[in-house]
$ cat query_23.txt   # compact mmCIF, C-alpha atoms
# COMPACT_ATOMS: atom_id res chain seq x y z
CA MET A 1 115.60 -7.30 130.78
CA LYS A 2 112.59 -5.29 129.59
CA ALA A 3 109.04 -6.63 129.83
CA LEU A 4 105.42 -5.48 129.71
CA VAL A 5 104.25 -5.65 133.33
CA PHE A 6 100.62 -5.63 134.51
CA HIS A 7 100.05 -3.24 137.42
CA GLY A 8 96.35 -3.66 138.02
CA SER A 9 93.19 -2.78 136.09
CA GLY A 10 94.03 -0.34 133.30
CA LYS A 11 97.72 -0.13 134.19
CA SER A 12 100.80 -1.63 132.54
CA ALA A 13 104.33 -0.53 131.70
CA TRP A 14 107.33 -1.61 129.59
CA GLU A 15 109.99 -1.66 132.27
CA ASP A 16 113.04 -3.38 133.73
CA VAL A 17 112.47 -6.72 135.44
CA ALA A 18 114.73 -9.53 136.59
CA ASP A 19 115.94 -11.98 133.94
CA PRO A 20 114.16 -15.35 134.15
CA GLY A 21 116.13 -18.40 135.24
CA ILE A 22 115.72 -22.15 135.28
CA GLN A 23 113.47 -23.11 138.21
CA ASP A 24 112.64 -26.71 137.33
CA ALA A 25 114.52 -29.36 135.40
CA THR A 26 111.88 -29.28 132.64
CA ASP A 27 112.22 -25.51 132.00
CA ALA A 28 113.67 -23.74 128.99
CA ILE A 29 114.66 -20.08 128.70
CA VAL A 30 113.76 -18.56 125.34
CA ARG A 31 115.01 -15.27 123.90
CA VAL A 32 111.92 -13.75 122.33
CA ASP A 33 112.18 -12.77 118.66
CA ALA A 34 108.49 -12.13 117.98
CA VAL A 35 105.46 -11.73 120.19
CA MET A 36 101.82 -10.79 119.71
CA ILE A 37 99.14 -9.00 121.69
CA CYS A 38 95.98 -11.04 122.22
CA GLY A 39 92.46 -9.91 122.93
CA THR A 40 92.76 -11.81 126.19
CA ASP A 41 95.54 -9.41 127.21
CA LEU A 42 93.04 -6.58 126.80
CA HIS A 43 90.57 -8.48 128.99
CA ILE A 44 93.27 -8.75 131.66
CA LEU A 45 93.95 -5.02 131.50
CA LYS A 46 90.23 -4.32 131.88
CA GLY A 47 90.18 -6.40 135.06
CA ASP A 48 88.14 -9.27 133.63
CA LEU A 49 90.58 -11.88 134.95
CA PRO A 50 91.20 -11.05 138.62
CA GLU A 51 93.46 -14.07 139.10
CA VAL A 52 96.20 -12.23 137.18
CA ARG A 53 98.26 -10.59 139.90
CA PRO A 54 99.82 -7.13 139.59
CA GLY A 55 103.50 -7.52 138.75
CA THR A 56 102.87 -10.30 136.18
CA VAL A 57 104.56 -10.05 132.78
CA LEU A 58 101.81 -10.37 130.17
CA GLY A 59 101.73 -12.38 126.95
CA HIS A 60 101.29 -16.03 126.02
CA GLU A 61 102.45 -16.41 122.40
CA ALA A 62 105.95 -16.06 121.01
CA VAL A 63 108.66 -17.26 118.67
CA GLY A 64 112.25 -17.23 119.85
CA GLU A 65 115.56 -18.99 120.35
CA VAL A 66 116.27 -21.40 123.19
CA VAL A 67 119.23 -20.12 125.22
CA GLU A 68 119.15 -22.47 128.23
CA VAL A 69 117.42 -25.71 129.21
CA GLY A 70 116.92 -27.70 132.40
CA SER A 71 118.53 -31.08 132.91
CA ASP A 72 115.36 -33.04 132.02
CA VAL A 73 114.62 -31.27 128.70
CA ARG A 74 115.13 -33.64 125.77
CA MET A 75 113.30 -32.28 122.73
CA VAL A 76 114.94 -28.84 122.36
CA ARG A 77 118.36 -27.45 123.14
CA PRO A 78 120.16 -24.08 123.06
CA GLY A 79 120.25 -22.60 119.58
CA ASP A 80 116.91 -24.10 118.50
CA ARG A 81 114.36 -21.71 117.12
CA VAL A 82 110.95 -22.54 118.58
CA LEU A 83 107.31 -21.63 118.73
CA VAL A 84 106.23 -21.07 122.34
CA SER A 85 102.70 -22.39 122.76
CA CYS A 86 100.07 -20.48 124.71
CA ILE A 87 99.37 -23.74 126.55
CA THR A 88 101.86 -25.48 128.82
CA ALA A 89 101.55 -29.27 129.15
CA CYS A 90 103.17 -31.61 131.65
CA GLY A 91 102.29 -34.67 129.55
CA ARG A 92 101.68 -36.87 132.61
CA CYS A 93 98.47 -35.82 134.37
CA ARG A 94 95.07 -37.28 133.52
CA TYR A 95 94.10 -34.39 131.24
CA CYS A 96 97.38 -34.31 129.33
CA ARG A 97 97.18 -38.07 128.76
CA GLU A 98 93.78 -37.43 127.16
CA GLY A 99 95.14 -34.61 124.99
CA SER A 100 93.29 -31.96 127.01
CA TYR A 101 96.44 -29.95 127.63
CA GLY A 102 94.55 -26.76 128.45
CA GLN A 103 93.29 -28.45 131.62
CA CYS A 104 96.73 -29.70 132.76
CA ARG A 105 96.77 -30.18 136.54
CA ALA A 106 100.53 -30.37 137.05
CA GLY A 107 101.64 -26.78 136.58
CA GLY A 108 100.36 -26.43 133.04
CA GLY A 109 97.37 -25.17 131.08
CA TRP A 110 97.19 -21.47 130.33
CA ILE A 111 99.79 -20.15 132.75
CA LEU A 112 102.04 -17.84 130.67
CA GLY A 113 100.97 -14.24 131.20
CA HIS A 114 98.19 -15.51 133.45
CA LEU A 115 99.55 -17.31 136.50
CA ILE A 116 103.27 -16.85 135.79
CA ASP A 117 105.33 -14.33 133.83
CA GLY A 118 104.61 -14.41 130.13
CA THR A 119 106.13 -13.78 126.74
CA GLN A 120 105.89 -10.01 126.23
CA ALA A 121 109.48 -9.67 127.30
CA GLU A 122 112.99 -10.04 125.99
CA TYR A 123 113.26 -13.50 127.61
CA VAL A 124 110.69 -15.97 128.94
CA ARG A 125 110.85 -19.09 131.11
CA VAL A 126 108.81 -21.91 129.54
CA PRO A 127 107.87 -24.73 131.94
CA HIS A 128 107.53 -28.28 130.60
CA ALA A 129 109.45 -27.20 127.53
CA ASP A 130 109.40 -30.55 125.75
CA LEU A 131 105.61 -30.41 125.20
CA SER A 132 105.19 -26.63 125.29
CA THR A 133 107.55 -25.59 122.50
CA TYR A 134 107.72 -26.64 118.85
CA ALA A 135 110.93 -26.57 116.84
CA LEU A 136 110.57 -24.48 113.68
CA ARG A 137 112.03 -26.32 110.72
CA GLY A 138 113.05 -24.48 107.55
CA ALA A 139 112.74 -20.85 106.55
CA VAL A 140 109.67 -19.68 108.46
CA ASP A 141 108.97 -16.00 109.09
CA SER A 142 108.52 -15.35 112.80
CA LYS A 143 105.53 -13.09 112.25
CA ASP A 144 103.73 -15.96 110.50
CA ALA A 145 104.77 -18.68 112.93
CA VAL A 146 103.69 -16.75 116.02
CA LEU A 147 100.08 -16.90 114.81
CA LEU A 148 100.18 -20.61 115.57
CA ALA A 149 100.97 -20.05 119.24
CA ASP A 150 97.32 -19.27 119.99
CA ILE A 151 95.13 -17.71 117.29
CA PHE A 152 94.90 -20.54 114.78
CA PRO A 153 94.77 -23.47 117.23
CA THR A 154 92.10 -21.68 119.26
CA ALA A 155 89.93 -20.86 116.27
CA TYR A 156 90.34 -24.32 114.79
CA GLU A 157 89.89 -26.43 117.92
CA VAL A 158 87.44 -24.42 120.02
CA GLY A 159 85.50 -23.01 117.07
CA VAL A 160 85.60 -25.26 114.02
CA LEU A 161 86.22 -28.69 115.56
CA ASN A 162 84.05 -28.19 118.67
CA GLY A 163 81.36 -26.77 116.39
CA ARG A 164 81.61 -29.87 114.17
CA VAL A 165 81.67 -28.02 110.89
CA ARG A 166 80.81 -30.40 108.04
CA PRO A 167 80.50 -30.22 104.25
CA ALA A 168 77.49 -28.21 103.03
CA ASP A 169 76.95 -26.54 106.43
CA THR A 170 75.94 -22.95 106.91
CA VAL A 171 78.50 -21.50 109.33
CA VAL A 172 78.11 -18.13 111.06
CA VAL A 173 81.13 -16.54 112.70
CA VAL A 174 80.14 -13.74 115.08
CA GLY A 175 83.15 -11.47 115.56
CA ALA A 176 85.59 -10.90 112.69
CA GLY A 177 88.60 -10.14 114.82
CA PRO A 178 91.71 -12.34 114.60
CA ILE A 179 90.06 -15.40 116.15
CA GLY A 180 86.96 -15.06 114.00
CA LEU A 181 89.03 -14.61 110.85
CA ALA A 182 91.12 -17.67 111.68
CA ALA A 183 87.87 -19.58 112.24
CA ILE A 184 86.70 -18.55 108.77
CA ALA A 185 89.98 -19.68 107.22
CA THR A 186 90.00 -23.06 108.97
CA ALA A 187 86.26 -23.72 108.55
CA ARG A 188 86.93 -23.73 104.81
CA PHE A 189 88.92 -26.97 105.29
CA TYR A 190 85.53 -28.70 105.58
CA THR A 191 83.84 -27.17 102.49
CA PRO A 192 80.77 -25.64 104.12
CA GLU A 193 78.10 -24.40 101.75
CA ARG A 194 78.46 -20.86 103.05
CA ILE A 195 80.25 -18.88 105.75
CA ILE A 196 78.61 -15.73 107.10
CA ALA A 197 80.73 -13.23 109.04
CA VAL A 198 79.17 -10.82 111.54
CA ASP A 199 80.87 -7.76 113.00
CA LEU A 200 80.33 -4.07 113.67
CA ALA A 201 83.51 -2.87 111.90
CA PRO A 202 83.36 -2.58 108.08
CA ALA A 203 87.14 -3.09 107.82
CA ARG A 204 86.89 -6.41 109.61
CA LEU A 205 84.01 -7.51 107.41
CA ASP A 206 86.15 -6.69 104.39
CA ALA A 207 88.92 -8.84 105.86
CA ALA A 208 86.42 -11.64 106.39
CA LYS A 209 85.48 -11.56 102.70
CA ARG A 210 89.15 -11.72 101.72
CA LEU A 211 89.63 -14.79 103.93
CA GLY A 212 86.67 -16.64 102.46
CA ALA A 213 83.39 -15.44 103.97
CA ASP A 214 80.59 -15.78 101.42
CA ALA A 215 78.39 -13.14 103.06
CA VAL A 216 78.83 -10.50 105.74
CA ALA A 217 76.49 -8.52 107.96
CA SER A 218 76.60 -5.91 110.68
CA ALA A 219 75.87 -7.26 114.13
CA GLY A 220 72.25 -7.03 115.25
CA ASP A 221 68.95 -7.52 113.47
CA GLU A 222 70.61 -7.34 110.05
CA ALA A 223 72.71 -10.41 110.75
CA GLU A 224 69.86 -12.46 112.17
CA GLN A 225 67.64 -11.60 109.21
CA LEU A 226 70.40 -12.51 106.73
CA VAL A 227 70.87 -15.91 108.35
CA ALA A 228 67.12 -16.52 108.29
CA ASP A 229 66.89 -15.50 104.63
CA LEU A 230 69.81 -17.65 103.50
CA THR A 231 68.60 -20.73 105.36
CA GLU A 232 64.88 -20.39 104.56
CA GLY A 233 64.20 -19.65 108.20
CA LEU A 234 65.91 -22.78 109.51
CA GLY A 235 69.03 -21.21 111.05
CA ALA A 236 72.73 -21.97 110.81
CA ASP A 237 74.21 -25.41 111.34
CA VAL A 238 77.16 -23.97 113.28
CA VAL A 239 77.51 -20.58 114.97
CA ILE A 240 80.91 -19.59 116.35
CA GLU A 241 80.99 -16.88 119.03
CA ALA A 242 84.30 -15.01 118.80
CA VAL A 243 83.58 -11.79 120.71
CA GLY A 244 83.06 -12.56 124.38
CA VAL A 245 80.07 -10.37 125.29
CA SER A 246 76.61 -11.44 126.37
CA ALA A 247 74.79 -9.83 123.44
CA SER A 248 76.84 -11.73 120.86
CA PHE A 249 76.43 -15.06 122.68
CA GLU A 250 72.69 -14.61 122.94
CA ALA A 251 72.54 -13.69 119.24
CA CYS A 252 74.37 -16.92 118.43
CA THR A 253 71.73 -18.97 120.22
CA ARG A 254 69.02 -17.24 118.18
CA MET A 255 70.76 -17.87 114.84
CA VAL A 256 71.46 -21.60 115.31
CA ARG A 257 69.05 -24.16 113.85
CA PRO A 258 67.41 -26.93 115.89
CA GLY A 259 70.02 -29.66 116.22
CA GLY A 260 72.83 -27.23 115.48
CA HIS A 261 75.98 -26.26 117.36
CA VAL A 262 77.04 -23.05 119.10
CA ALA A 263 80.79 -23.01 119.72
CA ASN A 264 81.78 -20.31 122.18
CA VAL A 265 85.36 -19.13 121.73
CA GLY A 266 85.15 -15.60 123.17
CA VAL A 267 86.51 -14.74 126.62
CA HIS A 268 83.57 -13.52 128.70
CA GLY A 269 84.23 -11.08 131.51
CA LYS A 270 80.56 -10.74 132.47
CA PRO A 271 77.58 -13.12 132.71
CA ALA A 272 75.52 -14.03 129.67
CA THR A 273 71.94 -15.24 129.80
CA LEU A 274 71.26 -18.78 128.64
CA HIS A 275 67.67 -18.78 127.40
CA LEU A 276 66.77 -22.36 128.22
CA GLU A 277 63.09 -21.44 127.99
CA ASP A 278 63.67 -21.25 124.21
CA LEU A 279 66.53 -23.71 123.75
CA TRP A 280 65.49 -26.74 125.79
CA ILE A 281 63.35 -28.13 122.98
CA LYS A 282 65.76 -27.46 120.11
CA ASN A 283 68.47 -30.10 120.62
CA VAL A 284 71.13 -27.40 120.45
CA THR A 285 74.67 -28.28 121.49
CA ILE A 286 76.66 -25.49 123.16
CA THR A 287 80.38 -25.96 123.69
CA THR A 288 82.90 -23.87 125.55
CA GLY A 289 86.58 -24.41 125.89
CA LEU A 290 90.14 -23.33 126.40
CA VAL A 291 92.38 -24.33 123.52
CA ASP A 292 94.44 -27.52 124.03
CA THR A 293 96.85 -26.92 121.11
CA TYR A 294 96.82 -30.59 120.09
CA SER A 295 96.39 -29.33 116.51
CA THR A 296 99.56 -27.21 116.50
CA PRO A 297 101.78 -29.79 114.73
CA THR A 298 99.17 -30.19 111.98
CA LEU A 299 98.78 -26.46 111.58
CA LEU A 300 102.55 -26.00 111.42
CA ARG A 301 102.70 -28.47 108.53
CA MET A 302 99.85 -26.69 106.78
CA MET A 303 101.59 -23.33 107.22
CA ALA A 304 104.80 -24.74 105.78
CA ALA A 305 102.78 -25.97 102.79
CA GLY A 306 101.26 -22.51 102.27
CA GLN A 307 97.75 -23.58 103.24
CA LEU A 308 97.19 -21.07 106.06
CA PRO A 309 96.69 -17.36 105.33
CA THR A 310 98.83 -16.22 108.23
CA SER A 311 100.42 -13.10 106.75
CA SER A 312 97.07 -11.57 105.83
CA LEU A 313 96.12 -11.31 109.52
CA VAL A 314 99.14 -9.19 110.49
CA THR A 315 98.31 -5.54 109.95
CA HIS A 316 100.88 -3.79 112.19
CA THR A 317 104.47 -4.51 113.22
CA PHE A 318 106.49 -2.78 115.92
CA PRO A 319 109.89 -3.17 117.54
CA MET A 320 109.77 -4.79 120.96
CA ASP A 321 110.43 -1.55 122.78
CA ALA A 322 107.26 -0.02 121.27
CA MET A 323 105.07 -2.35 123.34
CA GLU A 324 102.94 0.39 124.87
CA GLU A 325 102.30 2.02 121.49
CA ALA A 326 101.39 -1.38 120.03
CA TYR A 327 98.84 -1.95 122.81
CA GLU A 328 97.27 1.42 122.07
CA VAL A 329 96.94 0.57 118.37
CA PHE A 330 95.51 -2.88 119.08
CA ALA A 331 93.07 -1.61 121.70
CA ARG A 332 91.68 0.95 119.23
CA ALA A 333 91.18 -1.57 116.44
CA ALA A 334 87.97 0.07 115.26
CA ASP A 335 89.92 3.25 114.51
CA THR A 336 93.30 1.79 113.50
CA GLY A 337 92.11 -1.23 111.50
CA ALA A 338 94.38 -3.48 113.56
CA LEU A 339 93.87 -7.23 113.28
CA LYS A 340 97.05 -8.75 114.68
CA VAL A 341 99.97 -6.72 115.96
CA VAL A 342 103.43 -8.32 115.91
CA LEU A 343 106.41 -7.01 117.86
CA GLY A 344 109.86 -8.03 116.71
CA GLY A 345 109.76 -10.77 114.14
CA PRO A 346 113.05 -10.89 112.20
CA GLN A 347 113.06 -12.74 108.90
CA HIS A 348 114.93 -16.07 108.88
CA ASP A 349 115.97 -17.11 105.39
CA ALA A 350 117.88 -20.20 106.46
CA LEU A 351 117.96 -22.53 109.41
CA THR A 352 120.20 -25.45 110.18
CA ILE A 353 118.08 -28.55 110.61
CA ARG A 354 119.30 -30.98 113.22
CA THR A 355 118.28 -34.59 113.74
CA PRO A 356 117.81 -36.15 117.17
$ encode --input "query_23.txt" --output "structure tokens"
Amino acid sequence: MKALVFHGSGKSAWEDVADPGIQDATDAIVRVDAVMICGTDLHILKGDLPEVRPGTVLGHEAVGEVVEVGSDVRMVRPGDRVLVSCITACGRCRYCREGSYGQCRAGGGWILGHLIDGTQAEYVRVPHADLSTYALRGAVDSKDAVLLADIFPTAYEVGVLNGRVRPADTVVVVGAGPIGLAAIATARFYTPERIIAVDLAPARLDAAKRLGADAVASAGDEAEQLVADLTEGLGADVVIEAVGVSASFEACTRMVRPGGHVANVGVHGKPATLHLEDLWIKNVTITTGLVDTYSTPTLLRMMAAGQLPTSSLVTHTFPMDAMEEAYEVFARAADTGALKVVLGGPQHDALTIRTP
């Protein structure tokens, strides 16, 4: 089959690799219909995650059709159309039993495209398939569903829920890329008084306004002054960091009010300074986290009900064999206006629904 293979910092190629096969009784093999490129994939290519070994197939989010299952798989079977989660969960270890699937200690967590071959391929092996795939019921467009493999659960869980967004809050989202935009969309579930989006790219700020941001600002002094002005100098109740660089994290800690929350979502490849000399007295809560995807079933129901603006985040589509071109477009988002790039993604107008 063809797959996008990582060959070390700055190097990757769409090339022939061996077809995946069942290795454990809990595995499923999925033929990939639609896949996305994540900002984390760009971090890998830049060398920010040295644990990713050369020769690894990248990607951790997909929609596809199950073509083979191991003998212990019970929840899906060949012919099922499924969402492949970015997080793999054994369901038995201490963390999985607590719902912290991202920290699975039995061959799970974030492993696809990280520790094992991932989804940017024609076929993918999914370990622990019963808890790591979700059957797609009804007529769901693959390019919409694939956004629930990572982007929306991450923004919602690590940003909005960890940040404890509440009614009448002032929420600042720093970084209006896909994660930041999904955070804006899901923060609105809790009727904050205002949402302020911060980014350097005017096109992304425009997208933030379309998705519900009440005010926008360019990153830097302008943003910090706007937050101060709108909150009478108090600061924001919740600040969500969705960039992954030290300057944006440090800006978040300056914009949060005493007693507020900073929810870090961004993937940081370099150290950031934690200014405890300023923060120790302010009762600020700072959270970090890898998504657990416990919210995926809820988000799938909301998508089916038309309550998630999934389609508006997809700006570019490509055939699977244009993977390298798609990476180039996504990596140059400031020039191309790319938000989310989908490869594949056929439309499904009908689906046979089976019962267990």
$ atom_distance --input "query_23.txt" --atom1 "atom CA of A:Leu234" --atom2 "atom CA of A:Thr170"
10.4 Å
$ closest_residue --input "query_23.txt" --among "A:Val171, A:Asp229, A:Asp214, A:Trp14" --to "A:Val256" --atoms "all atoms listed in the file"
A:Val171
$ closest_atom_pairs --input "query_23.txt" --of "stretch 102-128 of chain A" --to "stretch 298-320 of chain A" --cutoff "9 Å" --atoms "all atoms listed in the file" --output "tab-separated table"
residue	atom	partner	partner_atom	distance
A:Gln120	CA	A:Met320	CA	8.4
A:Ala121	CA	A:Met320	CA	8.0
A:Glu122	CA	A:Met320	CA	8.0
$ residues_around --input "query_23.txt" --residues "A:Ala333" --least-positions-apart "5" --cutoff "10 Å" --atoms "all atoms listed in the file" --output "VMD selection string"
chain A and resid 177 201 203 to 204 327 to 328 338 to 340
$ write_last_selection --input "query_23.txt" --atoms "C-alpha atoms" --output "short mmCIF file (atom, residue, chain, number, x, y, z; two decimals), in the coordinates of the input"
data_model
loop_
_atom_site.label_atom_id
_atom_site.label_comp_id
_atom_site.auth_asym_id
_atom_site.auth_seq_id
_atom_site.Cartn_x
_atom_site.Cartn_y
_atom_site.Cartn_z
CA GLY A 177 88.60 -10.14 114.82
CA ALA A 201 83.51 -2.87 111.90
CA ALA A 203 87.14 -3.09 107.82
CA ARG A 204 86.89 -6.41 109.61
CA TYR A 327 98.84 -1.95 122.81
CA GLU A 328 97.27 1.42 122.07
CA ALA A 338 94.38 -3.48 113.56
CA LEU A 339 93.87 -7.23 113.28
CA LYS A 340 97.05 -8.75 114.68
#
$ atom_distance --input "query_23.txt" --atom1 "atom CA of A:Gly21" --atom2 "atom CA of A:Leu112"
14.8 Å
$ closest_residue --input "query_23.txt" --among "A:Pro20, A:Gly260, A:Gly266, A:Gly337" --to "A:Gly235" --atoms "only C-alpha atoms"
A:Gly260
$ atom_distance --input "query_23.txt" --atom1 "atom CA of A:Pro54" --atom2 "atom CA of A:Arg332"
23.4 Å
$ closest_residue --input "query_23.txt" --among "A:Leu181, A:Leu45, A:Val245, A:Leu131" --to "A:Thr26" --atoms "all atoms listed in the file"
A:Leu131
$ closest_residue --input "query_23.txt" --among "A:Asp16, A:Asp130, A:Asp33, A:Asp199" --to "A:Glu61" --atoms "only C-alpha atoms"
A:Asp33
$ residues_around --input "query_23.txt" --residues "A:Leu161" --least-positions-apart "3" --cutoff "12 Å" --atoms "only C-alpha atoms" --output "NGL selection string"
:A and (152-158 or 164-166 or 183 or 186-190 or 238-240 or 261-265 or 287-289 or 291-292 or 294-295)
$ residues_around --input "query_23.txt" --residues "A:Gly344" --least-positions-apart "2" --cutoff "12 Å" --atoms "all atoms listed in the file" --output "count of residues only"
31
$ closest_residue --input "query_23.txt" --among "A:Leu147, A:Ile116, A:Val84, A:Ala219" --to "A:Cys38" --atoms "only C-alpha atoms"
A:Leu147
$ closest_residue --input "query_23.txt" --among "A:Tyr134, A:Asp335, A:Val69, A:Val76" --to "A:Pro202" --atoms "all atoms listed in the file"
A:Asp335
$ decode --input "query_23.txt" --residues "stretch 221-230 of chain A" --atoms "all heavy atoms" --output "compact mmCIF listing (two decimals), in the first residue's frame"
# COMPACT_ATOMS: atom_id res chain seq x y z
N ASP A 221 0.85 43.06 22.15
CA ASP A 221 0.34 44.09 23.06
C ASP A 221 -1.12 44.42 22.77
O ASP A 221 -1.89 44.73 23.68
CB ASP A 221 1.19 45.35 22.96
CG ASP A 221 2.60 45.16 23.50
OD1 ASP A 221 2.82 44.18 24.25
OD2 ASP A 221 3.48 45.98 23.17
N GLU A 222 -1.50 44.39 21.49
CA GLU A 222 -2.88 44.71 21.12
C GLU A 222 -3.87 43.79 21.83
O GLU A 222 -4.89 44.23 22.36
CB GLU A 222 -3.06 44.61 19.60
CG GLU A 222 -4.50 44.81 19.14
CD GLU A 222 -4.67 44.53 17.65
OE1 GLU A 222 -3.71 44.72 16.89
OE2 GLU A 222 -5.79 44.13 17.26
N ALA A 223 -3.56 42.50 21.84
CA ALA A 223 -4.46 41.54 22.46
C ALA A 223 -4.55 41.76 23.97
O ALA A 223 -5.65 41.74 24.55
CB ALA A 223 -3.99 40.12 22.16
N GLU A 224 -3.42 41.95 24.61
CA GLU A 224 -3.42 42.13 26.06
C GLU A 224 -4.15 43.41 26.45
O GLU A 224 -4.87 43.43 27.45
CB GLU A 224 -1.99 42.12 26.58
CG GLU A 224 -1.31 40.76 26.37
CD GLU A 224 0.10 40.69 26.93
OE1 GLU A 224 0.33 41.32 28.00
OE2 GLU A 224 0.95 40.00 26.34
N GLN A 225 -4.01 44.45 25.65
CA GLN A 225 -4.72 45.70 25.95
C GLN A 225 -6.21 45.53 25.75
O GLN A 225 -7.02 46.04 26.55
CB GLN A 225 -4.19 46.82 25.07
CG GLN A 225 -4.76 48.20 25.42
CD GLN A 225 -4.42 48.62 26.84
OE1 GLN A 225 -3.26 48.62 27.22
NE2 GLN A 225 -5.43 48.96 27.64
N LEU A 226 -6.61 44.79 24.70
CA LEU A 226 -8.04 44.56 24.46
C LEU A 226 -8.67 43.80 25.62
O LEU A 226 -9.77 44.14 26.08
CB LEU A 226 -8.23 43.80 23.15
CG LEU A 226 -9.68 43.42 22.82
CD1 LEU A 226 -10.53 44.67 22.63
CD2 LEU A 226 -9.74 42.52 21.59
N VAL A 227 -8.00 42.76 26.09
CA VAL A 227 -8.53 42.00 27.22
C VAL A 227 -8.65 42.88 28.45
O VAL A 227 -9.68 42.86 29.16
CB VAL A 227 -7.64 40.78 27.51
CG1 VAL A 227 -8.07 40.08 28.80
CG2 VAL A 227 -7.70 39.80 26.35
N ALA A 228 -7.65 43.70 28.71
CA ALA A 228 -7.70 44.61 29.86
C ALA A 228 -8.86 45.60 29.71
O ALA A 228 -9.59 45.85 30.69
CB ALA A 228 -6.37 45.35 29.99
N ASP A 229 -9.05 46.13 28.52
CA ASP A 229 -10.11 47.11 28.31
C ASP A 229 -11.50 46.50 28.49
O ASP A 229 -12.39 47.10 29.11
CB ASP A 229 -10.01 47.71 26.90
CG ASP A 229 -8.79 48.62 26.72
OD1 ASP A 229 -8.20 49.02 27.75
OD2 ASP A 229 -8.44 48.90 25.56
N LEU A 230 -11.68 45.30 27.96
CA LEU A 230 -13.00 44.66 28.01
C LEU A 230 -13.35 44.11 29.38
O LEU A 230 -14.53 43.88 29.68
CB LEU A 230 -13.09 43.54 26.97
CG LEU A 230 -13.09 43.98 25.51
CD1 LEU A 230 -13.09 42.77 24.58
CD2 LEU A 230 -14.31 44.87 25.21
